[in-house]
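Source file: data.cif. Holds: mmCIF, C-alpha atoms.
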data_my_file
#
loop_
_atom_site.label_atom_id
_atom_site.label_comp_id
_atom_site.auth_asym_id
_atom_site.auth_seq_id
_atom_site.Cartn_x
_atom_site.Cartn_y
_atom_site.Cartn_z
CA MET A 1 -22.51 -18.20 21.81
CA LYS A 2 -21.85 -17.93 18.08
CA LEU A 3 -21.82 -14.56 16.35
CA SER A 4 -22.22 -13.92 12.66
CA VAL A 5 -19.02 -12.02 11.84
CA ILE A 6 -19.14 -9.91 8.69
CA LEU A 7 -17.49 -7.19 6.69
CA LEU A 8 -20.23 -4.69 6.05
CA ALA A 9 -21.25 -3.78 2.51
CA PRO A 10 -23.04 -0.41 2.55
CA LEU A 11 -25.15 -1.00 -0.55
CA ALA A 12 -25.92 -4.68 -0.06
CA LEU A 13 -29.45 -5.82 -0.85
CA ALA A 14 -30.40 -2.48 -2.37
CA ALA A 15 -32.92 -4.28 -4.55
CA ALA A 16 -35.02 -4.96 -1.47
CA VAL A 17 -35.52 -1.25 -0.80
CA PRO A 18 -38.86 0.16 -2.04
CA LYS A 19 -39.05 2.75 -4.78
CA GLN A 20 -37.92 6.20 -3.66
CA GLU A 21 -40.65 8.59 -2.49
CA SER A 22 -40.56 12.35 -2.84
CA LYS A 23 -38.74 14.03 0.02
CA ILE A 24 -40.92 15.69 2.63
CA THR A 25 -39.91 19.26 3.32
CA TYR A 26 -40.40 21.17 6.54
CA ASP A 27 -39.48 24.51 5.00
CA GLY A 28 -41.28 27.30 6.80
CA TYR A 29 -42.50 25.09 9.64
CA LYS A 30 -42.11 26.83 12.99
CA ALA A 31 -41.63 24.67 16.09
CA PHE A 32 -42.80 25.63 19.57
CA ARG A 33 -42.70 24.32 23.11
CA ILE A 34 -46.13 25.07 24.58
CA SER A 35 -46.68 25.10 28.32
CA THR A 36 -49.62 22.79 29.09
CA GLU A 37 -49.69 23.40 32.86
CA HIS A 38 -50.96 19.85 33.47
CA ASP A 39 -53.89 20.32 31.10
CA ALA A 40 -52.71 19.10 27.72
CA ALA A 41 -56.25 18.24 26.60
CA THR A 42 -57.30 21.90 26.66
CA VAL A 43 -54.25 22.95 24.66
CA GLN A 44 -54.83 20.18 22.12
CA GLU A 45 -58.44 21.27 21.71
CA LYS A 46 -57.27 24.75 20.82
CA LEU A 47 -54.89 23.29 18.23
CA ALA A 48 -57.63 21.29 16.54
CA GLY A 49 -57.81 22.07 12.84
CA LEU A 50 -54.19 23.25 12.60
CA ALA A 51 -51.57 21.29 10.66
CA VAL A 52 -49.13 20.24 13.38
CA VAL A 53 -46.33 17.70 13.80
CA PRO A 54 -46.05 16.49 17.43
CA PHE A 55 -42.62 15.72 18.88
CA ASN A 56 -43.14 14.51 22.43
CA PHE A 57 -45.44 12.05 24.21
CA ASN A 58 -45.15 13.27 27.79
CA THR A 59 -47.35 16.35 27.52
CA ASP A 60 -48.16 16.93 31.18
CA GLU A 61 -45.90 19.99 31.40
CA HIS A 62 -45.29 20.92 27.77
CA LEU A 63 -46.18 20.04 24.21
CA ASP A 64 -43.51 20.27 21.51
CA ILE A 65 -44.92 20.72 18.00
CA ALA A 66 -44.07 22.04 14.57
CA ILE A 67 -46.69 24.19 12.84
CA ALA A 68 -47.13 24.23 9.07
CA PRO A 69 -46.36 27.64 7.54
CA GLU A 70 -49.97 28.29 6.53
CA ASP A 71 -51.10 27.88 10.16
CA VAL A 72 -48.36 29.79 12.01
CA ALA A 73 -50.39 33.02 12.14
CA ALA A 74 -53.47 31.17 13.41
CA PHE A 75 -51.39 29.45 16.07
CA GLU A 76 -49.83 32.70 17.25
CA ALA A 77 -53.30 34.25 17.45
CA LEU A 78 -54.20 31.63 20.10
CA ASP A 79 -51.76 33.45 22.40
CA LEU A 80 -50.64 30.26 24.16
CA LYS A 81 -47.69 30.34 26.51
CA ALA A 82 -44.98 29.09 24.14
CA GLU A 83 -41.28 29.31 23.33
CA VAL A 84 -39.77 28.93 19.87
CA MET A 85 -37.75 25.76 19.21
CA HIS A 86 -37.14 26.33 15.49
CA GLU A 87 -37.86 29.56 13.59
CA ASP A 88 -37.67 27.50 10.40
CA LEU A 89 -37.51 23.77 10.96
CA GLY A 90 -36.71 23.08 7.32
CA ALA A 91 -33.73 25.44 7.37
CA ASP A 92 -32.36 23.79 10.52
CA ILE A 93 -32.76 20.34 8.97
CA ALA A 94 -30.88 21.57 5.90
CA LYS A 95 -27.99 22.70 8.12
CA GLU A 96 -27.97 19.36 9.91
CA GLU A 97 -27.92 17.50 6.58
CA THR A 98 -24.79 19.29 5.40
CA PHE A 99 -22.81 16.10 5.91
CA SER A 100 -19.03 16.19 5.95
CA ALA A 101 -17.49 13.80 3.45
CA TYR A 102 -15.95 10.69 4.95
CA GLU A 103 -13.14 9.34 2.81
CA GLY A 104 -12.29 6.41 5.04
CA VAL A 105 -8.78 5.56 6.18
CA SER A 106 -5.96 3.33 5.06
CA ALA A 107 -5.63 -0.18 6.46
CA GLN A 108 -5.31 -0.25 10.28
CA ALA A 109 -5.40 3.56 10.54
CA ILE A 110 -7.63 5.04 13.24
CA PRO A 111 -10.50 7.24 12.00
CA SER A 112 -10.16 10.92 12.86
CA LEU A 113 -12.12 12.58 15.65
CA THR A 114 -13.38 15.01 13.00
CA TRP A 115 -15.98 12.30 12.36
CA PHE A 116 -17.87 13.77 15.30
CA ASN A 117 -18.05 17.28 13.84
CA SER A 118 -20.92 16.40 11.53
CA TYR A 119 -23.77 14.00 10.90
CA HIS A 120 -23.19 11.49 8.11
CA ALA A 121 -24.92 9.37 5.52
CA TYR A 122 -25.75 5.78 6.48
CA ALA A 123 -23.13 4.30 4.13
CA ASP A 124 -20.47 6.41 5.84
CA HIS A 125 -21.49 5.06 9.24
CA VAL A 126 -21.01 1.57 7.89
CA GLN A 127 -17.54 2.48 6.61
CA PHE A 128 -16.62 4.15 9.90
CA PHE A 129 -17.27 0.94 11.82
CA ASN A 130 -15.35 -1.12 9.28
CA ASP A 131 -12.42 1.28 9.63
CA LEU A 132 -12.58 1.37 13.44
CA GLN A 133 -12.62 -2.41 13.65
CA GLY A 134 -9.83 -2.67 11.10
CA ALA A 135 -7.60 -0.51 13.29
CA PHE A 136 -8.05 -2.84 16.29
CA PRO A 137 -8.46 -6.37 14.91
CA GLN A 138 -7.17 -8.01 18.10
CA ASN A 139 -9.88 -6.47 20.26
CA SER A 140 -12.91 -6.18 17.99
CA GLU A 141 -15.07 -7.70 15.30
CA ILE A 142 -18.08 -6.64 13.30
CA PHE A 143 -21.11 -8.87 13.78
CA SER A 144 -24.70 -9.04 12.58
CA VAL A 145 -27.77 -10.20 14.50
CA GLY A 146 -29.78 -10.53 11.28
CA ASN A 147 -31.40 -8.33 8.67
CA SER A 148 -34.04 -5.60 8.77
CA GLY A 149 -37.34 -5.80 6.95
CA GLN A 150 -35.73 -4.25 3.86
CA GLY A 151 -32.67 -6.48 4.03
CA ARG A 152 -30.12 -4.23 5.71
CA SER A 153 -27.76 -5.79 8.20
CA ILE A 154 -28.50 -5.05 11.86
CA PHE A 155 -24.80 -4.86 12.56
CA GLY A 156 -22.76 -4.12 15.61
CA ILE A 157 -19.23 -4.02 16.90
CA HIS A 158 -18.05 -6.49 19.53
CA LEU A 159 -15.20 -5.30 21.77
CA TRP A 160 -13.16 -7.27 24.29
CA GLY A 161 -10.00 -7.10 26.38
CA SER A 162 -7.89 -9.68 28.18
CA GLY A 163 -9.18 -13.23 28.21
CA GLY A 164 -10.33 -13.09 24.61
CA LYS A 165 -13.71 -12.53 23.03
CA GLY A 166 -16.85 -13.84 24.64
CA SER A 167 -15.19 -14.55 27.98
CA LYS A 168 -16.84 -11.85 30.11
CA PRO A 169 -20.36 -10.63 30.99
CA ALA A 170 -21.97 -8.46 28.33
CA VAL A 171 -22.44 -4.72 28.16
CA TYR A 172 -25.04 -4.31 25.45
CA PHE A 173 -26.02 -1.03 23.73
CA HIS A 174 -28.76 -0.19 21.22
CA GLY A 175 -28.80 3.02 19.16
CA THR A 176 -31.24 4.46 16.61
CA VAL A 177 -34.24 2.41 17.69
CA HIS A 178 -36.31 5.41 16.65
CA ALA A 179 -35.16 6.58 13.25
CA ARG A 180 -35.13 10.35 13.82
CA GLU A 181 -32.90 10.18 16.91
CA TRP A 182 -29.65 10.72 14.99
CA ILE A 183 -27.54 11.71 17.99
CA THR A 184 -27.77 8.20 19.47
CA ALA A 185 -25.59 6.64 16.77
CA LYS A 186 -22.96 9.32 17.26
CA VAL A 187 -22.83 8.74 21.01
CA VAL A 188 -22.41 4.97 20.79
CA GLU A 189 -19.78 5.51 18.08
CA TYR A 190 -17.84 7.80 20.38
CA ILE A 191 -18.00 5.29 23.22
CA SER A 192 -16.83 2.50 20.89
CA TYR A 193 -14.02 4.69 19.58
CA ASN A 194 -12.70 5.56 23.01
CA LEU A 195 -12.90 2.06 24.43
CA LEU A 196 -10.59 0.91 21.64
CA VAL A 197 -8.32 3.94 21.28
CA GLN A 198 -7.72 4.35 25.02
CA TYR A 199 -7.40 0.64 25.88
CA SER A 200 -3.61 0.65 25.52
CA ASN A 201 -2.87 3.92 27.32
CA ASN A 202 -5.55 4.48 29.97
CA THR A 203 -5.58 2.13 32.95
CA ALA A 204 -9.20 2.90 33.83
CA VAL A 205 -10.41 2.13 30.31
CA LYS A 206 -8.26 -1.01 30.19
CA ALA A 207 -9.87 -2.22 33.41
CA ILE A 208 -13.33 -1.68 31.91
CA LEU A 209 -12.63 -3.50 28.64
CA ASP A 210 -10.86 -6.31 30.52
CA SER A 211 -14.01 -6.79 32.63
CA TYR A 212 -16.74 -6.93 29.97
CA ASP A 213 -17.51 -7.89 26.41
CA PHE A 214 -19.22 -4.96 24.66
CA TYR A 215 -21.88 -5.54 22.01
CA ILE A 216 -22.80 -2.18 20.47
CA ILE A 217 -25.49 -1.98 17.80
CA PRO A 218 -25.63 1.58 16.39
CA PHE A 219 -28.65 1.10 14.08
CA VAL A 220 -31.36 -1.15 15.46
CA ASN A 221 -33.65 0.49 12.89
CA PRO A 222 -31.52 0.94 9.76
CA ASP A 223 -34.48 1.12 7.36
CA GLY A 224 -36.08 3.92 9.34
CA PHE A 225 -32.79 5.80 9.64
CA VAL A 226 -32.18 5.67 5.89
CA TYR A 227 -35.75 6.89 5.36
CA THR A 228 -35.04 9.92 7.57
CA GLN A 229 -32.12 10.77 5.29
CA THR A 230 -33.89 10.21 1.98
CA THR A 231 -37.52 11.13 2.62
CA ASN A 232 -38.77 12.29 6.03
CA ARG A 233 -36.34 13.59 8.68
CA LEU A 234 -38.91 13.18 11.45
CA TRP A 235 -39.83 9.53 10.77
CA ARG A 236 -39.84 7.43 13.97
CA LYS A 237 -40.90 3.81 13.34
CA ASN A 238 -39.44 1.03 11.23
CA ARG A 239 -40.63 0.65 7.61
CA GLN A 240 -42.71 -2.48 7.97
CA ILE A 241 -45.58 -2.70 5.48
CA ARG A 242 -48.75 -4.45 6.61
CA THR A 243 -51.53 -5.59 4.32
CA SER A 244 -54.09 -4.68 6.98
CA SER A 245 -53.31 -0.95 6.88
CA SER A 246 -52.08 1.75 4.52
CA CYS A 247 -49.98 3.16 7.38
CA VAL A 248 -46.36 2.05 7.48
CA GLY A 249 -44.19 1.07 10.39
CA THR A 250 -44.15 -0.30 13.92
CA ASP A 251 -42.61 1.28 16.99
CA MET A 252 -40.00 -1.35 17.77
CA ASN A 253 -39.75 -0.17 21.36
CA ARG A 254 -43.35 -1.24 21.87
CA ASN A 255 -42.93 -4.62 20.12
CA TRP A 256 -40.73 -6.64 22.49
CA PRO A 257 -42.49 -9.81 23.67
CA TYR A 258 -42.86 -8.89 27.33
CA LYS A 259 -45.82 -7.02 28.86
CA TRP A 260 -46.81 -6.23 25.26
CA GLU A 261 -50.44 -6.98 26.06
CA VAL A 262 -50.65 -4.55 28.99
CA PRO A 263 -52.89 -1.60 28.03
CA GLY A 264 -51.90 2.04 28.22
CA GLY A 265 -48.26 2.07 27.15
CA ALA A 266 -48.59 1.70 23.37
CA SER A 267 -51.11 2.09 20.58
CA THR A 268 -53.11 -0.47 18.60
CA ASP A 269 -53.60 2.08 15.78
CA PRO A 270 -51.23 1.30 12.87
CA CYS A 271 -51.04 5.02 12.08
CA SER A 272 -49.85 5.93 15.58
CA GLU A 273 -46.22 6.77 16.32
CA THR A 274 -46.35 4.21 19.17
CA TYR A 275 -48.06 1.40 17.21
CA LYS A 276 -47.09 -1.86 18.92
CA GLY A 277 -47.70 -4.26 16.04
CA GLN A 278 -50.24 -7.00 15.50
CA ALA A 279 -48.53 -9.42 17.87
CA ALA A 280 -45.73 -9.35 20.41
CA GLY A 281 -42.34 -9.50 18.72
CA ASP A 282 -43.76 -9.69 15.21
CA THR A 283 -41.28 -7.30 13.55
CA THR A 284 -38.34 -8.72 11.66
CA GLU A 285 -35.89 -6.64 13.66
CA ILE A 286 -37.21 -7.56 17.11
CA LYS A 287 -37.24 -11.26 16.25
CA ALA A 288 -33.53 -11.01 15.45
CA LEU A 289 -32.76 -8.94 18.54
CA VAL A 290 -34.66 -11.29 20.85
CA ALA A 291 -32.63 -14.24 19.56
CA PHE A 292 -29.39 -12.32 20.00
CA THR A 293 -30.35 -11.14 23.49
CA GLN A 294 -31.10 -14.71 24.52
CA SER A 295 -27.68 -15.80 23.22
CA LEU A 296 -25.99 -13.20 25.44
CA LYS A 297 -28.10 -14.26 28.42
CA ASN A 298 -27.21 -17.91 27.89
CA SER A 299 -23.50 -17.21 27.44
CA LYS A 300 -21.90 -15.08 30.18
CA GLY A 301 -25.00 -13.10 31.05
CA ILE A 302 -25.79 -9.40 30.65
CA LYS A 303 -24.41 -6.94 33.18
CA LEU A 304 -25.67 -3.72 31.61
CA PHE A 305 -28.06 -2.89 28.79
CA ILE A 306 -28.65 0.67 27.61
CA ASP A 307 -31.20 1.67 25.00
CA TRP A 308 -30.05 5.11 23.77
CA HIS A 309 -32.73 7.59 22.71
CA SER A 310 -33.37 11.30 22.36
CA TYR A 311 -34.52 13.68 23.59
CA GLY A 312 -35.26 15.02 27.10
CA GLN A 313 -32.18 14.25 29.24
CA TYR A 314 -33.41 11.31 31.29
CA ILE A 315 -31.83 8.23 32.86
CA LEU A 316 -34.68 5.74 33.16
CA ILE A 317 -34.51 2.55 35.21
CA PRO A 318 -37.20 -0.22 35.24
CA TYR A 319 -40.10 -0.41 34.80
CA GLY A 320 -42.04 1.11 31.92
CA TYR A 321 -45.15 -1.08 32.00
CA ASN A 322 -46.23 -0.28 35.57
CA CYS A 323 -45.65 2.86 37.62
CA GLN A 324 -45.82 1.03 40.97
CA VAL A 325 -43.57 -1.96 40.31
CA ARG A 326 -39.85 -1.69 41.06
CA ALA A 327 -36.92 -3.93 40.16
CA ALA A 328 -35.51 -6.07 42.96
CA ASN A 329 -32.28 -4.03 42.94
CA SER A 330 -34.04 -0.69 42.48
CA ALA A 331 -32.18 1.02 45.34
CA ARG A 332 -28.82 0.09 43.83
CA GLN A 333 -29.98 1.20 40.37
CA THR A 334 -31.14 4.55 41.74
CA THR A 335 -27.80 5.14 43.43
CA LEU A 336 -25.91 4.40 40.22
CA ALA A 337 -28.28 6.53 38.13
CA SER A 338 -27.76 9.42 40.53
CA GLY A 339 -24.01 9.02 40.28
CA LEU A 340 -24.22 8.86 36.49
CA ALA A 341 -26.26 12.08 36.36
CA THR A 342 -23.70 13.79 38.57
CA ARG A 343 -20.79 12.66 36.42
CA ILE A 344 -22.50 13.70 33.17
CA ALA A 345 -23.10 17.18 34.58
CA GLN A 346 -19.41 17.66 35.36
CA SER A 347 -18.49 18.06 31.69
CA TYR A 348 -20.82 20.85 30.53
CA GLY A 349 -23.38 21.27 33.30
CA THR A 350 -26.01 19.20 31.44
CA ARG A 351 -28.64 18.03 33.92
CA PHE A 352 -30.29 14.63 33.60
CA THR A 353 -33.40 13.55 35.49
CA TYR A 354 -33.35 9.95 36.75
CA GLY A 355 -35.89 7.48 38.10
CA PRO A 356 -38.22 4.60 37.16
CA ALA A 357 -39.35 4.97 33.55
CA CYS A 358 -43.11 4.90 34.02
CA SER A 359 -43.34 7.29 36.97
CA THR A 360 -40.54 9.58 35.76
CA LEU A 361 -41.60 9.95 32.11
CA TYR A 362 -44.56 7.86 30.87
CA ALA A 363 -45.82 4.30 30.56
CA THR A 364 -44.34 2.07 27.87
CA THR A 365 -45.31 -1.53 27.18
CA GLY A 366 -43.44 -4.07 25.10
CA ASP A 367 -40.24 -2.08 25.60
CA SER A 368 -36.65 -3.28 25.51
CA THR A 369 -35.59 -2.48 29.06
CA ASP A 370 -38.48 -4.32 30.70
CA TYR A 371 -37.71 -7.33 28.49
CA LEU A 372 -33.99 -7.17 29.27
CA THR A 373 -34.69 -6.91 32.99
CA ASP A 374 -37.17 -9.74 33.48
CA VAL A 375 -36.51 -12.02 30.50
CA GLY A 376 -32.93 -11.20 29.52
CA LEU A 377 -32.00 -11.06 33.22
CA ALA A 378 -29.71 -8.06 32.79
CA GLU A 379 -28.53 -6.75 36.15
CA PHE A 380 -29.09 -3.20 34.90
CA ALA A 381 -31.30 -2.28 31.92
CA TRP A 382 -31.78 1.42 31.30
CA THR A 383 -33.00 3.92 28.78
CA ILE A 384 -30.97 7.09 28.37
CA GLU A 385 -32.68 10.00 26.64
CA LEU A 386 -29.95 12.30 25.34
CA ARG A 387 -29.85 16.06 24.69
CA PRO A 388 -31.62 18.41 24.50
CA THR A 389 -34.28 19.28 27.05
CA GLY A 390 -35.09 23.00 26.76
CA SER A 391 -36.87 24.76 23.94
CA SER A 392 -33.61 26.16 22.56
CA GLY A 393 -31.98 22.76 22.06
CA GLY A 394 -33.64 21.74 18.80
CA GLY A 395 -35.48 18.57 19.78
CA PHE A 396 -34.69 15.73 17.38
CA VAL A 397 -32.84 18.12 15.07
CA LEU A 398 -29.87 18.61 17.36
CA PRO A 399 -27.27 20.97 15.85
CA ALA A 400 -24.04 19.29 14.75
CA ALA A 401 -22.12 21.52 17.14
CA GLN A 402 -23.69 19.54 20.00
CA ILE A 403 -22.57 16.11 18.77
CA LEU A 404 -19.18 16.11 20.44
CA PRO A 405 -20.28 17.69 23.75
CA SER A 406 -23.13 15.19 23.97
CA ALA A 407 -20.77 12.30 23.24
CA ILE A 408 -18.08 13.51 25.65
CA GLU A 409 -20.45 13.90 28.60
CA GLN A 410 -21.87 10.41 28.02
CA TRP A 411 -18.40 8.87 27.70
CA GLU A 412 -17.42 10.44 31.01
CA GLY A 413 -20.63 9.12 32.51
CA MET A 414 -20.03 5.62 31.15
CA LYS A 415 -16.53 5.49 32.62
CA TYR A 416 -18.06 6.20 36.02
CA LEU A 417 -20.92 3.72 35.60
CA LEU A 418 -18.86 0.86 34.21
CA ALA A 419 -16.36 1.17 37.06
CA ALA A 420 -18.96 1.69 39.80
CA MET A 421 -21.33 -1.13 38.90
#
Exercise: express the given structure as structure tokens:
Amino acid sequence: MKLSVILLAPLALAAAVPKQESKITYDGYKAFRISTEHDAATVQEKLAGLAVVPFNFNTDEHLDIAIAPEDVAAFEALDLKAEVMHEDLGADIAKEETFSAYEGVSAQAIPSLTWFNSYHAYADHVQFFNDLQGAFPQNSEIFSVGNSGQGRSIFGIHLWGSGGKGSKPAVYFHGTVHAREWITAKVVEYISYNLLVQYSNNTAVKAILDSYDFYIIPFVNPDGFVYTQTTNRLWRKNRQIRTSSSCVGTDMNRNWPYKWEVPGGASTDPCSETYKGQAAGDTTEIKALVAFTQSLKNSKGIKLFIDWHSYGQYILIPYGYNCQVRAANSARQTTLASGLATRIAQSYGTRFTYGPACSTLYATTGDSTDYLTDVGLAEFAWTIELRPTGSSGGGFVLPAAQILPSAIEQWEGMKYLLAAM
């Protein structure tokens, strides 16, 4: 398998980026978690005519929405059973966007853990990975699977231990598939950081890195992520423009070329948050990721794939496309998922629900984990939905104070999983 090894340039191909739009503000928006009591349709009927921004897709028990300031009084007059998630969504976004400056480090110096005290601009994430790799050149390299629709590198960091690079089965992580899920990049960064920093002084970590080659891609959707920082914090899809519609973007986790045609787990409406595209695998990003996934499969194989998302606190095993079908090793996967949930909870008491994706959360078609399971032949292919779960957690706008706890609990969980599997 041949990787494209690069030194990342944060502002490369800037000319390919469309003209800047005005930034969307959520000042005065109030967000609520509404109890639907297994009757979401009735609740949604009552909300008809109000300006709302929906957050979640599994609405059987609750509906998470933000209400425009001019409709807050009308919403409260409905007297629905609801809890407040954000008193002022715009104010909470402003706090989250108070990025700490990242100055970088000198050659071969390890970045500081203060990186995890704040969210950061995209260019700083690029520099962080360059710096992290530069500190451990014997065990890591930066690679690219290709470019996004707007020309940004879909980059990752490749980590290895004894035996040299490319000699072991792959552990393969995706972050920031959905643009607004900022915490996912931070978590995979923390895992990358600790695999390298602890390799020389922690026997358990050394055993893990000596057993697998890690391929960690923090921004599967770099165009969408940049758009959340410049224009619309709650943007989800990529930024693909189609001549057939004025609506922008495809949900890349409904665009993988496996079970894409199965109805019910994605939308054919280009304006939908779960729009699956015009054809299976027709997005620039998924084409590149499919090719890279196949290269891993054809090299040493894929032991574990995790697609990191937020929010809800779930560990989801196959399958998404069908609620009755189970993977051949489903019993083993369930045991490991249970153990992972237990280990995660030991850090801060955070509880994760685990089970098959479709029956535990909702149906998804054309998704990464189904593709990785049946086409990529990964032994384990999971989705992990990170913090938060309750109404007080903040939804996609997770306070910066929760970055490090979220990362720590997942790192502890990964040490268990990578040893146990």
For Glu103 in chain A, work out the shell of residues within 12 Å, counting all atoms listed in the file and skipping chain neighbours fewer than 5 positions away, then give it as a VMD selection string.
chain A and resid 111 to 112 114 to 115 120 123 to 125 127 to 128 131
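Candidate residues A:Thr274, A:Ala407, A:Ala400, A:Ile384 were compared for distance to Ser192 in chain A, and the nearest is A:Ala407, using only C-alpha atoms.
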Using the chain letters and residue numbers of this document, give as a PDB file with C-alpha atoms, in the coordinates of the input the residues selected by the PyMOL selection byres ((chain A and resi 256) around 8).
ATOM      1  CA  MET A 252     -40.000  -1.350  17.770  1.00  0.00           C
ATOM      2  CA  ASN A 253     -39.750  -0.170  21.360  1.00  0.00           C
ATOM      3  CA  ARG A 254     -43.350  -1.240  21.870  1.00  0.00           C
ATOM      4  CA  ASN A 255     -42.930  -4.620  20.120  1.00  0.00           C
ATOM      5  CA  PRO A 257     -42.490  -9.810  23.670  1.00  0.00           C
ATOM      6  CA  TYR A 258     -42.860  -8.890  27.330  1.00  0.00           C
ATOM      7  CA  TRP A 260     -46.810  -6.230  25.260  1.00  0.00           C
ATOM      8  CA  ALA A 280     -45.730  -9.350  20.410  1.00  0.00           C
ATOM      9  CA  GLY A 281     -42.340  -9.500  18.720  1.00  0.00           C
ATOM     10  CA  ILE A 286     -37.210  -7.560  17.110  1.00  0.00           C
ATOM     11  CA  VAL A 290     -34.660 -11.290  20.850  1.00  0.00           C
ATOM     12  CA  GLY A 366     -43.440  -4.070  25.100  1.00  0.00           C
ATOM     13  CA  ASP A 367     -40.240  -2.080  25.600  1.00  0.00           C
ATOM     14  CA  SER A 368     -36.650  -3.280  25.510  1.00  0.00           C
ATOM     15  CA  TYR A 371     -37.710  -7.330  28.490  1.00  0.00           C
TER      16      TYR A 371
END
I need the output of the PyMOL selection byres ((chain A and resi 231) around 6) for this file as a PDB file with C-alpha atoms, in the coordinates of the input; which residues are they?
ATOM      1  CA  LYS A  23     -38.740  14.030   0.020  1.00  0.00           C
ATOM      2  CA  ILE A  24     -40.920  15.690   2.630  1.00  0.00           C
ATOM      3  CA  TYR A 227     -35.750   6.890   5.360  1.00  0.00           C
ATOM      4  CA  THR A 228     -35.040   9.920   7.570  1.00  0.00           C
ATOM      5  CA  THR A 230     -33.890  10.210   1.980  1.00  0.00           C
ATOM      6  CA  ASN A 232     -38.770  12.290   6.030  1.00  0.00           C
TER       7      ASN A 232
END
Nearby residues (all atoms listed in the file) at most 10 Å from Gly413 in chain A, same-chain spacing under 3 positions excluded, as a PyMOL selection string
chain A and resi 337+339-347+407-410+416-418
Quick check on the file I pasted: which residues fall under the PyMOL selection byres ((chain A and resi 72-87) around 7)? Write them as a VMD selection string.
chain A and resid 30 to 35 67 to 71 88 to 89 391 to 392 394
Measuring between only C-alpha atoms, which one of A:Tyr362, A:Thr350, A:Asn202, A:Asp210 shows the shortest distance to Gly264 in chain A?
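Among A:Tyr362, A:Thr350, A:Asn202, A:Asp210, it is A:Tyr362 that comes nearest to Gly264 in chain A.
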Could range 69-73 of chain A be completed with all heavy atoms and written as a compact mmCIF listing (two decimals), in the coordinates of the input, please?
# COMPACT_ATOMS: atom_id res chain seq x y z
N PRO A 69 -46.46 26.19 7.77
CA PRO A 69 -46.36 27.64 7.54
C PRO A 69 -47.70 28.33 7.38
O PRO A 69 -47.88 29.46 7.84
CB PRO A 69 -45.53 27.75 6.26
CG PRO A 69 -45.21 26.38 5.82
CD PRO A 69 -45.63 25.41 6.85
N GLU A 70 -48.67 27.65 6.76
CA GLU A 70 -49.97 28.29 6.53
C GLU A 70 -50.78 28.46 7.81
O GLU A 70 -51.77 29.20 7.84
CB GLU A 70 -50.78 27.48 5.52
CG GLU A 70 -51.14 26.05 5.94
CD GLU A 70 -50.09 25.02 5.55
OE1 GLU A 70 -48.93 25.42 5.29
OE2 GLU A 70 -50.44 23.82 5.51
N ASP A 71 -50.36 27.79 8.91
CA ASP A 71 -51.10 27.88 10.16
C ASP A 71 -50.34 28.61 11.27
O ASP A 71 -50.83 28.70 12.40
CB ASP A 71 -51.48 26.47 10.65
CG ASP A 71 -52.62 25.87 9.86
OD1 ASP A 71 -53.43 26.64 9.33
OD2 ASP A 71 -52.69 24.63 9.77
N VAL A 72 -49.16 29.12 10.97
CA VAL A 72 -48.36 29.79 12.01
C VAL A 72 -49.10 31.00 12.55
O VAL A 72 -49.17 31.21 13.78
CB VAL A 72 -46.98 30.18 11.47
CG1 VAL A 72 -46.26 31.11 12.45
CG2 VAL A 72 -46.13 28.94 11.22
N ALA A 73 -49.68 31.82 11.69
CA ALA A 73 -50.39 33.02 12.14
C ALA A 73 -51.58 32.65 13.02
O ALA A 73 -51.82 33.29 14.06
CB ALA A 73 -50.84 33.84 10.94
